[in-house]
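Down below is the structure, laid out as structure tokens.
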Amino acid sequence: MNRVDALMLTAVDDGVFPGAVLLAACYDEIVFHRAYGVVDPFSQRPVTCDTVYDLASLTKPLATAAALMDLVAAGRVCAESRLADIIPDFAGTDKAGIKICQLLCHNSGMPEYHPYYLSLKQLPLEYRKQELRRMLVKEPLLYSPETITCYSDPGFMILEWIVECISGKSLDRYVGEYIYSPLGIRELFFMPEGLCPDSETMVFAPTEATSAGAELICGRVHDENAEAVGGVSGHAGLFGTARAVFDLVLDLLLAAAGGPENTVFSGPVVRSFLNVPKGAERAMGFDVPSCRDSSSGRYFTPGSTFGHLGFTGVSFWMDFASGITVVLLSNRVCPGRENQKIRTFRPVIHDAVMEYIWGVKNN
């Protein structure tokens with residue numbers, strides 16, 4: 001048994017998560033793809049490589065940023081476009097001059113979080129998205145754009161609105177029709193109002209129970225703000241398998257490398273999104289490893305590694321210098337979100353995976 005297997009099995013035993021799927025690849029060659037544990041501690045149903053996870057904030061790069069890459073490549077918008085020029089509701093507000101790139105880099109001045117769902121839940125579902133957007137227009141900036149990086153869910157809620165205004169399609173429909181379908185990816189999808197094609201044949205990893213004795217959340221989005229508006233939002237709402245996440249990330253990697261010609265994404269646009277702008281701490285829609293104690297561990301190449309984490313216990317990191325991608329999907333919030341053990345586990349497993357890949361390549 002290699003060290004990666006041992007660490008994953010120990011993580012299940014130690015309660016880092018009830019189960020997980022780990023996938024590692026070098027360019028398009030998958031060198032590791034295994035499932036561990038159970039989907040929840042009550043049913044004891046085993047996780048398989050096809051188990052569907054709530055991808056939480058992986059929605060930001062894999063749906064919202066992906067949609068904007070496609071729109072930029074089509075010439076329908078540019079990263080420097082200003083908010084009021086796209087959505088007239090922002091004209092005359094403190095957010096009128098915010099640029100798309102600032103929203104993507106989390107340095108627009110928007111706050112980190114607001115529990116909009118508390119008031120949205122008082123309204124019929126069909127009125128909630130409209131009311132959310134009215135609140136986003138009124139949400140005061142915490143600081144001037146490009147002065148501070150503050151990870152912002154509301155900023156990505158605005159980006160979803162931008163995609164809709166430019167394309168005339170909801171975010172879930174846009175990425176489904178123009179990105180996932182052309183790539184042949186069926187297992188990346190939103191669950192509008194808890195519904196999706198083929199959901200009856202899929203096994204979902206539940207997330208937390210909303211209260212003591214309550215049923216686990218399963219087959220609907222965990223994030224309260226996304227759930228309140230029907231399951232589709234720019235910051236959360238995407239579901240998928242590890243293989244589906246990898247397939248999308250691989251297309252980004254191949255496009256950025258200059259080929260092949262049948263990639264969905266534009267290489268120059270992907271490279272522009274992955275460039276960390278001056279004064280920013282993140283790429284456009286993607287995270288980069290922190291200088292110290294990064295969740296990606298010690299071996300991913302500085303300056304050419306991009307990825308993202310998700311609150312439910314999911315992550316991906318891709319190294320454009322080596323072509324290595326690692327996807328870890330888990331439901332560490334099952335049955336409760338107070339479990340933080342994954343924070344110390346992530347860098348350890350990433351180091352072990354990198355050592356395993358280099359060992360395989362050298363044999």
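Residues in the structure tokens are named by chain (A, B, ... in the order shown) and by number from 1 within that chain; ligands are numbered from 1 in the order shown.
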Quiz item: Excluding same-chain residues fewer than 3 positions from Tyr113 (chain A), what lies within 9 Å of it counting only C-alpha atoms, as a ChimeraX atom specification?
Solution: /A:110,116,151-154
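Within the 10 Å cut-off around Glu126 (chain A), using only C-alpha atoms and omitting residues fewer than 3 positions from it on the same chain, the listed residues are Leu123, Lys129, Gln130, Glu131, Val229 and Gly230 of chain A.
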Using N, CA and C atoms, can you write the selected residues to a file as an mmCIF file, in the first residue's frame?
```cif
data_model
loop_
_atom_site.group_PDB
_atom_site.id
_atom_site.type_symbol
_atom_site.label_atom_id
_atom_site.label_comp_id
_atom_site.auth_asym_id
_atom_site.auth_seq_id
_atom_site.Cartn_x
_atom_site.Cartn_y
_atom_site.Cartn_z
ATOM 1 N N LEU A 123 -39.558 35.460 1.184
ATOM 2 C CA LEU A 123 -40.222 35.765 -0.089
ATOM 3 C C LEU A 123 -40.497 34.494 -0.879
ATOM 4 N N LYS A 129 -34.317 36.123 -6.470
ATOM 5 C CA LYS A 129 -33.131 36.565 -7.224
ATOM 6 C C LYS A 129 -33.202 38.063 -7.484
ATOM 7 N N GLN A 130 -34.377 38.549 -7.829
ATOM 8 C CA GLN A 130 -34.557 39.984 -8.060
ATOM 9 C C GLN A 130 -34.264 40.781 -6.794
ATOM 10 N N GLU A 131 -34.742 40.279 -5.661
ATOM 11 C CA GLU A 131 -34.503 40.966 -4.392
ATOM 12 C C GLU A 131 -33.028 40.897 -4.003
ATOM 13 N N VAL A 229 -31.865 31.159 -3.486
ATOM 14 C CA VAL A 229 -32.279 31.656 -4.802
ATOM 15 C C VAL A 229 -32.501 30.525 -5.801
ATOM 16 N N GLY A 230 -32.622 29.303 -5.311
ATOM 17 C CA GLY A 230 -32.974 28.203 -6.195
ATOM 18 C C GLY A 230 -31.845 27.291 -6.604
#
```
Might you pull out every residue within 6 Å of Val21 (chain A), with only C-alpha atoms counted and same-chain residues fewer than 2 positions away left off, and present them as an mmCIF file with N, CA and C atoms, in the first residue's frame?
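And here's around26.cif as it stands now:
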```cif
data_model
loop_
_atom_site.group_PDB
_atom_site.id
_atom_site.type_symbol
_atom_site.label_atom_id
_atom_site.label_comp_id
_atom_site.auth_asym_id
_atom_site.auth_seq_id
_atom_site.Cartn_x
_atom_site.Cartn_y
_atom_site.Cartn_z
ATOM 1 N N ARG A 34 -8.980 7.191 -7.038
ATOM 2 C CA ARG A 34 -9.528 6.208 -6.103
ATOM 3 C C ARG A 34 -10.520 6.854 -5.145
ATOM 4 N N ALA A 35 -11.408 6.017 -4.646
ATOM 5 C CA ALA A 35 -12.438 6.454 -3.703
ATOM 6 C C ALA A 35 -12.183 5.815 -2.348
ATOM 7 N N LEU A 328 -9.282 16.831 -5.156
ATOM 8 C CA LEU A 328 -9.718 16.162 -3.932
ATOM 9 C C LEU A 328 -11.154 16.593 -3.643
ATOM 10 N N LEU A 329 -12.075 15.648 -3.688
ATOM 11 C CA LEU A 329 -13.477 15.944 -3.372
ATOM 12 C C LEU A 329 -13.873 15.183 -2.114
#
```
Quiz item: Excluding same-chain residues fewer than 3 positions from region 38-49 of chain A, what lies within 8 Å of it counting only C-alpha atoms, as JSON, numbers by chain?
Solution: {"A": [18, 19, 20, 21, 33, 34, 35, 204, 205, 206, 241, 242, 243, 331, 334, 335]}
Quiz item: Quick one: residues within 9 Å of Phe265 (chain A), only C-alpha atoms counted, chain neighbours fewer than 3 positions away excluded, as a ChimeraX atom specification?
Solution: /A:66,69-70,73,179,251-252,254-256,262,268-270
Quiz prompt | Nearest to Asp89 (chain A) by atom-to-atom distance, counting only C-alpha atoms, from A:Ile357, A:Met135, A:Ala56, A:Leu9 | solution =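 Closest residue, counting only C-alpha atoms: A:Met135.
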Quiz prompt | Contact residues around Leu171 (chain A) with only C-alpha atoms at 7 Å, ignoring same-chain residues under 6 positions, as JSON, numbers by chain | solution = {"A": [160, 163, 164]}
Pull N, CA and C atoms from the residues just selected and write them as a short mmCIF file (atom, residue, chain, number, x, y, z; two decimals), in the first residue's frame.
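File produced: out04.cif:
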```
data_model
loop_
_atom_site.label_atom_id
_atom_site.label_comp_id
_atom_site.auth_asym_id
_atom_site.auth_seq_id
_atom_site.Cartn_x
_atom_site.Cartn_y
_atom_site.Cartn_z
N GLU A 160 -22.26 36.59 -11.75
CA GLU A 160 -23.33 35.77 -12.34
C GLU A 160 -24.32 36.66 -13.08
N VAL A 163 -22.86 37.73 -16.40
CA VAL A 163 -22.98 36.67 -17.42
C VAL A 163 -24.37 36.65 -18.00
N GLU A 164 -25.36 36.76 -17.16
CA GLU A 164 -26.75 36.73 -17.61
C GLU A 164 -27.09 37.92 -18.48
#
```
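Compared by their closest atoms to Val16 (chain A), and using only C-alpha atoms, the residues A:Phe316, A:Phe306, A:Phe345, A:Tyr36 rank with A:Phe345 nearest.
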Quiz item: Which neighbours of Glu227 (chain A) fall inside 10 Å, counting only C-alpha atoms, when residues of the same chain fewer than 2 positions from it are skipped, and could you give them as a count of residues only?
Solution: 19
